[in-house]
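What follows is the content of data.txt, which has compact mmCIF, C-alpha atoms:
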```txt
# COMPACT_ATOMS: atom_id res chain seq x y z
CA MET G 279 63.45 -32.79 -42.59
CA THR G 280 60.64 -30.38 -43.43
CA THR G 281 58.95 -30.45 -46.80
CA PRO G 282 59.47 -27.26 -48.76
CA LYS G 283 56.44 -25.05 -48.98
CA ALA G 284 55.00 -24.24 -52.37
CA GLY G 285 57.15 -21.68 -54.15
CA SER G 286 60.18 -22.21 -51.90
CA GLU G 287 61.80 -24.72 -54.33
CA ASN G 288 63.49 -21.79 -56.08
CA LEU G 289 65.22 -20.85 -52.85
CA GLN G 290 66.35 -24.39 -52.10
CA PRO G 291 69.84 -23.92 -53.63
CA ILE G 292 70.48 -21.11 -51.10
CA ALA G 293 69.46 -23.33 -48.21
CA ASP G 294 71.74 -26.08 -49.56
CA ILE G 295 74.84 -23.88 -49.50
CA ASP G 296 77.64 -25.52 -47.48
CA ARG G 297 77.71 -23.54 -44.22
CA ILE G 298 81.16 -24.75 -43.31
CA ILE G 299 82.55 -22.99 -46.38
CA HIS G 300 80.06 -20.13 -46.30
CA GLU G 301 82.04 -18.19 -43.73
CA PRO G 302 84.48 -15.60 -45.10
CA ALA G 303 87.51 -16.71 -43.08
CA ARG G 304 87.03 -20.39 -43.86
CA PHE G 305 86.32 -19.56 -47.48
CA MET G 306 89.64 -17.67 -47.65
CA ILE G 307 91.52 -20.59 -46.11
CA LEU G 308 89.94 -23.12 -48.47
CA ALA G 309 90.46 -20.88 -51.51
CA LEU G 310 94.13 -20.55 -50.66
CA LEU G 311 94.60 -24.26 -50.07
CA TYR G 312 92.69 -24.90 -53.31
CA VAL G 313 95.30 -23.07 -55.39
CA VAL G 314 98.44 -24.42 -53.70
CA GLU G 315 99.52 -27.97 -52.94
CA SER G 316 100.01 -27.39 -49.20
CA ALA G 317 100.97 -24.60 -46.80
CA ASP G 318 101.88 -24.22 -43.16
CA PHE G 319 100.08 -22.30 -40.47
CA THR G 320 102.28 -19.19 -40.69
CA PHE G 321 101.83 -18.92 -44.46
CA LEU G 322 98.04 -19.17 -44.15
CA MET G 323 98.07 -16.58 -41.40
CA ARG G 324 100.12 -14.17 -43.55
CA GLN G 325 98.03 -14.64 -46.66
CA THR G 326 94.61 -14.48 -45.02
CA GLY G 327 95.42 -11.81 -42.44
CA LEU G 328 93.75 -13.87 -39.70
CA THR G 329 95.12 -14.03 -36.17
CA TRP G 330 96.65 -17.21 -34.78
CA GLY G 331 93.64 -17.99 -32.57
CA ASN G 332 91.11 -17.23 -35.26
CA LEU G 333 92.86 -19.32 -37.86
CA SER G 334 93.27 -22.14 -35.38
CA SER G 335 89.56 -22.34 -34.57
CA HIS G 336 88.57 -22.30 -38.26
CA MET G 337 91.17 -24.95 -39.00
CA THR G 338 89.66 -27.21 -36.35
CA LYS G 339 86.22 -26.85 -37.95
CA LEU G 340 87.57 -27.56 -41.42
CA GLU G 341 89.51 -30.56 -40.15
CA GLU G 342 86.45 -31.93 -38.37
CA ALA G 343 84.46 -31.57 -41.61
CA GLY G 344 87.14 -33.61 -43.37
CA TYR G 345 88.02 -30.73 -45.71
CA ILE G 346 91.64 -30.31 -44.70
CA GLU G 347 94.30 -32.70 -43.54
CA VAL G 348 97.32 -32.11 -41.35
CA GLU G 349 100.60 -33.49 -42.64
CA LYS G 350 103.53 -33.86 -40.24
CA GLU G 351 106.95 -33.68 -41.84
CA PHE G 352 110.49 -33.01 -40.73
CA VAL G 353 112.47 -30.00 -41.91
CA GLY G 354 115.98 -30.84 -40.79
CA ARG G 355 115.35 -32.23 -37.33
CA LYS G 356 112.37 -30.04 -36.51
CA PRO G 357 108.82 -31.30 -36.89
CA HIS G 358 106.74 -29.17 -39.21
CA THR G 359 103.02 -29.12 -39.91
CA MET G 360 101.73 -28.66 -43.43
CA LEU G 361 98.04 -28.42 -44.28
CA HIS G 362 96.37 -29.46 -47.48
CA LEU G 363 92.89 -29.89 -48.90
CA THR G 364 91.48 -33.40 -48.90
CA ASP G 365 89.73 -34.72 -52.01
CA GLN G 366 86.48 -34.19 -50.14
CA GLY G 367 87.45 -30.60 -49.35
CA ARG G 368 88.40 -29.93 -52.95
CA ALA G 369 85.12 -31.35 -54.22
CA ALA G 370 83.13 -29.39 -51.61
CA PHE G 371 84.88 -26.15 -52.54
CA ARG G 372 84.23 -26.76 -56.25
CA GLU G 373 80.60 -27.53 -55.54
CA TYR G 374 80.28 -24.43 -53.36
CA ARG G 375 81.64 -22.22 -56.15
CA GLN G 376 79.25 -23.80 -58.60
CA SER G 377 76.22 -23.36 -56.32
CA MET G 378 77.06 -19.77 -55.46
CA LYS G 379 77.57 -18.93 -59.09
CA GLN G 380 74.26 -20.50 -59.99
CA VAL G 381 72.40 -18.75 -57.17
CA LEU G 382 73.87 -15.35 -57.99
CA ASP G 383 73.48 -15.74 -61.74
CA ASP G 384 69.81 -16.61 -61.33
CA LEU G 385 69.06 -13.49 -59.31
CA PRO G 386 67.06 -10.90 -61.23
CA ASP G 387 68.73 -7.53 -61.89
CA MET B 252 84.71 -16.44 -64.99
CA SER B 253 85.36 -13.73 -62.43
CA GLN B 254 85.79 -16.47 -59.81
CA ASN B 255 88.39 -18.17 -61.99
CA ILE B 256 90.28 -14.91 -62.31
CA SER B 257 90.29 -14.22 -58.58
CA LEU B 258 91.51 -17.73 -57.75
CA LYS B 259 94.24 -17.27 -60.30
CA GLU B 260 95.15 -13.95 -58.70
CA LEU B 261 95.13 -15.55 -55.27
CA GLU B 262 97.61 -18.19 -56.44
CA ARG B 263 99.71 -15.51 -58.11
CA LYS B 264 99.79 -13.41 -54.94
CA ALA B 265 100.85 -16.46 -52.93
CA TRP B 266 103.56 -17.27 -55.50
CA ARG B 267 104.87 -13.69 -55.64
CA SER B 268 105.27 -13.67 -51.86
CA VAL B 269 108.26 -15.96 -52.46
CA PHE B 270 110.16 -12.97 -53.88
CA GLN B 271 108.93 -10.43 -51.34
CA ASP B 272 112.03 -10.83 -49.15
CA GLY B 273 114.48 -9.43 -51.74
CA LEU B 274 116.92 -12.27 -51.10
CA TRP B 275 117.06 -13.38 -54.73
CA ASP B 276 117.94 -9.79 -55.73
CA ILE B 277 120.67 -9.70 -53.09
CA TYR B 278 121.99 -13.08 -54.24
CA LEU B 279 122.14 -12.03 -57.91
CA GLY B 280 123.68 -8.68 -56.92
CA LEU B 281 126.36 -10.46 -54.92
CA LEU B 282 127.17 -12.73 -57.89
CA LEU B 283 127.78 -9.68 -60.06
CA LEU B 284 129.72 -7.97 -57.26
CA ALA B 285 131.96 -11.06 -57.07
CA MET B 286 132.80 -10.52 -60.77
CA ALA B 287 133.58 -6.86 -60.01
CA ILE B 288 135.89 -7.85 -57.15
CA TRP B 289 137.60 -10.44 -59.36
CA ALA B 290 138.26 -7.70 -61.93
CA LEU B 291 139.59 -5.39 -59.19
CA LEU B 292 141.91 -8.10 -57.81
CA SER B 293 143.24 -8.67 -61.31
CA ASP B 294 143.84 -4.90 -61.69
CA VAL B 295 145.80 -4.63 -58.44
CA GLY B 296 148.05 -7.53 -59.41
CA PHE B 297 146.61 -10.66 -57.79
CA SER B 298 147.52 -13.84 -59.63
CA GLU B 299 144.90 -15.35 -61.96
CA SER B 300 144.45 -18.45 -59.79
CA LEU B 301 144.15 -16.53 -56.49
CA GLY B 302 141.64 -14.14 -58.06
CA MET B 303 139.63 -17.09 -59.36
CA ALA B 304 139.73 -18.78 -55.90
CA ILE B 305 138.44 -15.61 -54.21
CA PHE B 306 135.76 -15.26 -56.90
CA ILE B 307 134.55 -18.83 -56.32
CA GLY B 308 134.63 -18.22 -52.54
CA LEU B 309 132.44 -15.13 -52.96
CA GLU B 310 129.99 -17.04 -55.18
CA VAL B 311 129.70 -19.73 -52.49
CA LEU B 312 129.22 -17.01 -49.88
CA ALA B 313 126.40 -15.48 -51.94
CA MET B 314 124.72 -18.88 -52.12
CA LEU B 315 125.07 -19.26 -48.35
CA VAL B 316 123.49 -15.82 -47.82
CA LEU B 317 120.49 -16.88 -49.94
CA TRP B 318 120.12 -20.28 -48.25
CA ALA B 319 120.57 -19.03 -44.68
CA GLY B 320 118.41 -15.95 -45.31
CA LYS B 321 115.52 -18.06 -46.56
CA LYS B 322 115.88 -20.50 -43.67
CA ILE B 323 116.51 -18.10 -40.78
CA ILE B 324 114.74 -14.93 -41.87
CA THR B 325 112.06 -15.64 -44.48
CA VAL B 326 110.47 -18.93 -43.44
CA PRO B 327 109.80 -17.93 -39.79
CA ARG B 328 108.15 -14.74 -41.05
CA MET B 329 106.32 -15.94 -44.17
CA GLY B 330 105.84 -19.63 -43.54
CA ARG B 331 106.24 -22.51 -45.93
CA VAL B 332 104.23 -23.35 -49.04
CA LYS B 333 104.32 -25.94 -51.78
CA PHE B 334 102.87 -24.96 -55.13
CA GLY B 335 100.86 -27.01 -57.59
CA PRO B 336 101.89 -28.76 -60.82
CA LYS B 337 101.46 -25.65 -63.03
CA ARG B 338 104.09 -23.72 -61.07
CA LYS B 339 106.38 -26.75 -61.04
CA ALA B 340 106.04 -26.99 -64.84
CA LYS B 341 107.00 -23.31 -65.14
CA LEU B 342 110.05 -23.90 -62.95
CA ASN B 343 111.04 -26.73 -65.28
CA TRP B 344 110.87 -24.27 -68.18
CA VAL B 345 113.29 -21.98 -66.35
CA ARG B 346 115.66 -24.93 -65.92
CA VAL B 347 115.39 -25.70 -69.66
CA VAL B 348 116.11 -22.04 -70.55
CA LEU B 349 119.16 -21.96 -68.26
CA PHE B 350 120.41 -25.28 -69.66
CA ILE B 351 120.07 -24.07 -73.27
CA SER B 352 121.77 -20.79 -72.34
CA VAL B 353 124.73 -22.63 -70.79
CA LEU B 354 124.94 -24.93 -73.84
CA MET B 355 124.89 -21.96 -76.21
CA GLY B 356 127.51 -20.12 -74.14
CA ALA B 357 129.74 -23.18 -74.15
CA GLY B 358 129.19 -23.61 -77.89
CA VAL B 359 130.18 -20.01 -78.64
CA PHE B 360 133.20 -20.30 -76.34
CA LEU B 361 134.39 -23.55 -77.98
CA ALA B 362 133.81 -22.15 -81.48
CA ALA B 363 135.81 -19.04 -80.56
CA LEU B 364 138.64 -21.25 -79.25
CA ALA B 365 138.61 -23.40 -82.39
CA MET B 366 138.78 -20.33 -84.63
CA ARG B 367 141.42 -18.55 -82.56
CA SER B 368 144.07 -18.57 -85.24
CA ASN B 369 141.75 -18.14 -88.18
CA ARG B 370 138.92 -15.95 -86.91
CA PRO B 371 136.66 -14.35 -89.53
CA GLU B 372 136.66 -10.58 -89.70
CA TRP B 373 133.00 -10.14 -88.56
CA LEU B 374 133.79 -12.03 -85.36
CA ASN B 375 136.51 -9.56 -84.51
CA ALA B 376 134.17 -6.61 -84.77
CA ALA B 377 134.06 -4.64 -81.53
CA PHE B 378 130.31 -4.99 -81.22
CA PHE B 379 130.03 -8.77 -81.64
CA PHE B 380 130.96 -9.99 -78.16
CA PRO B 381 129.08 -7.29 -76.19
CA ALA B 382 126.05 -7.70 -78.46
CA ALA B 383 126.06 -11.47 -78.00
CA TRP B 384 126.43 -11.02 -74.21
CA MET B 385 123.55 -8.53 -74.06
CA VAL B 386 121.19 -10.59 -76.20
CA ASN B 387 121.93 -13.78 -74.25
CA THR B 388 121.49 -12.24 -70.80
CA MET B 389 118.39 -10.27 -71.75
CA VAL B 390 116.73 -13.31 -73.33
CA VAL B 391 117.59 -15.60 -70.40
CA PHE B 392 116.57 -13.15 -67.67
CA SER B 393 113.40 -12.08 -69.50
CA LEU B 394 112.29 -15.67 -69.98
CA GLY B 395 113.15 -16.34 -66.33
CA ALA B 396 111.13 -13.29 -65.23
CA TYR B 397 108.21 -14.37 -67.39
CA PHE B 398 108.10 -17.99 -66.23
CA LEU B 399 108.80 -17.10 -62.58
CA ASP B 400 106.36 -14.16 -62.59
CA PHE B 401 109.16 -12.17 -60.93
CA ASN B 402 109.09 -8.66 -62.45
CA ARG B 403 112.27 -7.31 -60.80
CA LEU B 404 114.17 -9.96 -62.75
CA TYR B 405 113.66 -7.86 -65.91
CA LEU B 406 115.61 -5.02 -64.26
CA ILE B 407 118.23 -7.48 -62.99
CA GLY B 408 118.53 -8.77 -66.58
CA VAL B 409 119.24 -5.24 -67.82
CA MET B 410 121.88 -4.80 -65.09
CA TYR B 411 123.51 -8.11 -66.05
CA ALA B 412 123.50 -7.10 -69.73
CA LEU B 413 125.32 -3.81 -69.06
CA PRO B 414 128.81 -4.68 -67.68
CA VAL B 415 130.46 -6.05 -70.85
CA PRO B 416 129.42 -3.19 -73.18
CA LEU B 417 130.18 -0.68 -70.38
CA ASP B 418 133.63 -2.21 -69.90
CA ILE B 419 134.39 -2.01 -73.63
CA MET B 420 133.04 1.54 -73.79
CA PHE B 421 135.26 2.63 -70.87
CA ARG B 422 138.29 1.09 -72.58
CA LYS B 423 137.52 2.85 -75.85
CA LEU B 424 136.73 6.22 -74.26
CA ALA B 425 139.26 6.46 -71.44
CA ASP B 426 141.77 3.87 -72.59
CA ILE B 427 141.96 2.45 -69.06
CA ASP B 428 140.72 -0.78 -67.53
CA LEU B 429 137.64 0.05 -65.48
CA SER B 430 136.11 -3.46 -65.37
CA PHE B 431 135.57 -3.12 -61.62
CA ILE B 432 133.37 -0.08 -62.17
CA ALA B 433 131.61 -1.62 -65.19
CA PHE B 434 130.58 -4.65 -63.12
CA GLY B 435 130.35 -2.81 -59.79
CA ILE B 436 127.75 -0.19 -60.75
CA PRO B 437 125.08 -2.66 -62.00
CA ALA B 438 125.86 -4.93 -59.02
CA ALA B 439 125.34 -1.99 -56.66
CA VAL B 440 122.01 -1.11 -58.31
CA ILE B 441 120.74 -4.69 -57.89
CA LEU B 442 122.02 -4.84 -54.30
CA ILE B 443 120.43 -1.52 -53.32
CA VAL B 444 117.05 -2.58 -54.77
CA GLY B 445 117.36 -5.94 -53.00
CA LEU B 446 118.28 -4.35 -49.68
CA VAL B 447 115.37 -1.88 -49.87
CA VAL B 448 112.97 -4.77 -50.56
CA PHE B 449 114.59 -6.78 -47.77
CA VAL B 450 114.29 -3.99 -45.18
CA ARG B 451 110.68 -3.39 -46.19
CA PHE B 452 110.04 -7.12 -45.80
CA LEU B 453 111.54 -7.13 -42.28
CA ARG B 454 109.41 -4.12 -41.36
CA ASP B 455 106.17 -5.53 -42.80
CA TYR B 456 106.60 -9.11 -41.63
CA PRO B 457 107.80 -9.41 -38.03
CA ILE B 458 108.06 -12.94 -36.63
CA PRO B 459 104.50 -13.83 -35.62
CA ALA B 460 103.86 -14.56 -31.95
CA GLU B 461 103.13 -18.27 -31.83
CA GLU B 462 100.41 -19.38 -29.48
CA GLY B 463 100.67 -23.06 -30.14
CA GLY B 464 104.27 -24.17 -29.57
CA ASP B 465 105.87 -24.73 -32.99
CA ASP B 466 103.77 -23.98 -36.03
CA ASN B 467 100.90 -26.14 -34.84
CA PRO B 468 97.48 -24.66 -34.37
```
Written form, structure tokens:
Amino acid sequence: MTTPKAGSENLQPIADIDRIIHEPARFMILALLYVVESADFTFLMRQTGLTWGNLSSHMTKLEEAGYIEVEKEFVGRKPHTMLHLTDQGRAAFREYRQSMKQVLDDLPD
Amino acid sequence: MSQNISLKELERKAWRSVFQDGLWDIYLGLLLLAMAIWALLSDVGFSESLGMAIFIGLEVLAMLVLWAGKKIITVPRMGRVKFGPKRKAKLNWVRVVLFISVLMGAGVFLAALAMRSNRPEWLNAAFFFPAAWMVNTMVVFSLGAYFLDFNRLYLIGVMYALPVPLDIMFRKLADIDLSFIAFGIPAAVILIVGLVVFVRFLRDYPIPAEEGGDDNP
């Protein structure tokens, strides 16, 4: 951990931005899961406009970070996967919004 | 603040996608069409009970179309989503509105039955029943459209409000029973809108090519 140089304290909030969320595709996924209870892969694909492979790789990253959770359920006899935000993911998203707002609000015109 | 608004819009867009398939329009159009067919059967001399049985059969068929359409056509194309507590609360409001509407309808019907032999003059006025029908349907459908955030339901409400006054107007003007037309025209309008939305949905949302087996990433 390097000590911040003199004058760089003001930029610290930018450096502290959550990089997992600070990626447009992952931000879209988290924002969508933030406003609904849960959704499946197809729904997320439709709403975000991401391709299957793209969405899949971002999902893996978000799952590894503990931000989303996979829920297996049965619809009739078929297994179905629903995804939802974890409490940690919800808190991280809220914190990210707050930090971004603060950083952008503090910028001079 | 702007972030709050965009998240709200995001949720709204996700919610509105539920009605993008046009299946609710088709279902409601079929319900009204069933009434038109019932009227037609009555006109051509079918017995009351047979007409009623066919009407109930058509209503069940409409429900099956909605259920199967959602399951076989919409979900594979749009996916599945569960909404948060605010949307669930709004859905509960729709249920309350429908319940009150049914109670009021039953109340008016029972009151009319009770006063059959001694009905006051104002109740016999030609405008009373169509006016009551129009107000009830418009209020119910408008509240439904508002709580469900489903704008086409306002138009559907207007179409549902029309048949009874149209029927009475046809009788007064032409002195013939044109109930089939009075119910059939609004039903056709709803069905055409629903079918256009449905075809557009099929065109815009083909079944996505799955790379991971079922819906798993």
_chain G residues near chain B (9 Å cut-off, all atoms listed in the file) as a ChimeraX atom specification_ = /G:309-310,312-325,330-331,333-335,337-338,357-360,375,379
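For the pair atom CA of Ala383 of chain B and atom CA of Met410 of chain B, the interatomic distance is 15.1 Å.
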Would you give the centre and edge lengths, in Å to one decimal, of a box along x, y and z around the listed atoms of segment 350-362 of chain B, with 5 Å added to each side, as AutoDock Vina command-line options?
```
--center_x 127.2 --center_y -22.6 --center_z -75.6 --size_x 24.3 --size_y 15.3 --size_z 21.8
```
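Minimum atom-to-atom distances from B:Glu310, B:Asp276, B:Asp426, B:Asp455 to Ile288 of chain B were compared using all atoms listed in the file, and the lowest value belongs to B:Glu310.
You can rank B:Leu292, B:Val347, B:Leu361, B:Ala412 by their closest distance to Ala438 of chain B using only C-alpha atoms, and at the top of that list sits B:Ala412.
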_Shell around Ala290 of chain B at 10 Å using all atoms listed in the file, local window under 6 positions removed, as a PyMOL selection string_ = chain B and resi 284+297+302-303+306+428-435
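Between atom CA of Val381 of chain G and atom CA of Thr364 of chain G lies a distance of 25.4 Å.
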*atom CA of Ile307 of chain G and atom CA of Thr326 of chain G are how many Å apart?*
6.9 Å
*Counting only C-alpha atoms, note down every residue that has an atom within 8 Å of the point (86.4, -24.4, -47.7) (file coordinates), as a ChimeraX atom specification.*
/G:298-300,304-309,340,345,367-368,370-371
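Distances from G:Ala303, G:Gln366, G:Glu373, G:Lys356 to Ala343 of chain G were compared using only C-alpha atoms, and the smallest one belongs to G:Gln366.
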Just want the 12 Å neighbourhood of Leu282 of chain B, counted on only C-alpha atoms, with same-chain residues fewer than 3 positions away dropped. Output as a PDB file with C-alpha atoms, in the coordinates of the input.
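As a result, selection17.pdb now contains:
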```
ATOM      1  CA  TRP B 275     117.060 -13.380 -54.730  1.00  0.00           C
ATOM      2  CA  ASP B 276     117.940  -9.790 -55.730  1.00  0.00           C
ATOM      3  CA  ILE B 277     120.670  -9.700 -53.090  1.00  0.00           C
ATOM      4  CA  TYR B 278     121.990 -13.080 -54.240  1.00  0.00           C
ATOM      5  CA  LEU B 279     122.140 -12.030 -57.910  1.00  0.00           C
ATOM      6  CA  ALA B 285     131.960 -11.060 -57.070  1.00  0.00           C
ATOM      7  CA  MET B 286     132.800 -10.520 -60.770  1.00  0.00           C
ATOM      8  CA  ALA B 287     133.580  -6.860 -60.010  1.00  0.00           C
ATOM      9  CA  ILE B 288     135.890  -7.850 -57.150  1.00  0.00           C
ATOM     10  CA  TRP B 289     137.600 -10.440 -59.360  1.00  0.00           C
ATOM     11  CA  PHE B 306     135.760 -15.260 -56.900  1.00  0.00           C
ATOM     12  CA  ILE B 307     134.550 -18.830 -56.320  1.00  0.00           C
ATOM     13  CA  GLY B 308     134.630 -18.220 -52.540  1.00  0.00           C
ATOM     14  CA  LEU B 309     132.440 -15.130 -52.960  1.00  0.00           C
ATOM     15  CA  GLU B 310     129.990 -17.040 -55.180  1.00  0.00           C
ATOM     16  CA  VAL B 311     129.700 -19.730 -52.490  1.00  0.00           C
ATOM     17  CA  LEU B 312     129.220 -17.010 -49.880  1.00  0.00           C
ATOM     18  CA  ALA B 313     126.400 -15.480 -51.940  1.00  0.00           C
ATOM     19  CA  MET B 314     124.720 -18.880 -52.120  1.00  0.00           C
ATOM     20  CA  LEU B 315     125.070 -19.260 -48.350  1.00  0.00           C
ATOM     21  CA  VAL B 316     123.490 -15.820 -47.820  1.00  0.00           C
ATOM     22  CA  LEU B 317     120.490 -16.880 -49.940  1.00  0.00           C
ATOM     23  CA  ILE B 407     118.230  -7.480 -62.990  1.00  0.00           C
ATOM     24  CA  MET B 410     121.880  -4.800 -65.090  1.00  0.00           C
ATOM     25  CA  TYR B 411     123.510  -8.110 -66.050  1.00  0.00           C
ATOM     26  CA  PHE B 434     130.580  -4.650 -63.120  1.00  0.00           C
ATOM     27  CA  GLY B 435     130.350  -2.810 -59.790  1.00  0.00           C
ATOM     28  CA  PRO B 437     125.080  -2.660 -62.000  1.00  0.00           C
ATOM     29  CA  ALA B 438     125.860  -4.930 -59.020  1.00  0.00           C
ATOM     30  CA  ALA B 439     125.340  -1.990 -56.660  1.00  0.00           C
ATOM     31  CA  ILE B 441     120.740  -4.690 -57.890  1.00  0.00           C
ATOM     32  CA  LEU B 442     122.020  -4.840 -54.300  1.00  0.00           C
TER      33      LEU B 442
END
```
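Of the residues listed (B:Val450, B:Val359, B:Leu394, B:Lys322), B:Lys322 shows the shortest atom-to-atom separation from Gly354 of chain G; distances use all atoms listed in the file.
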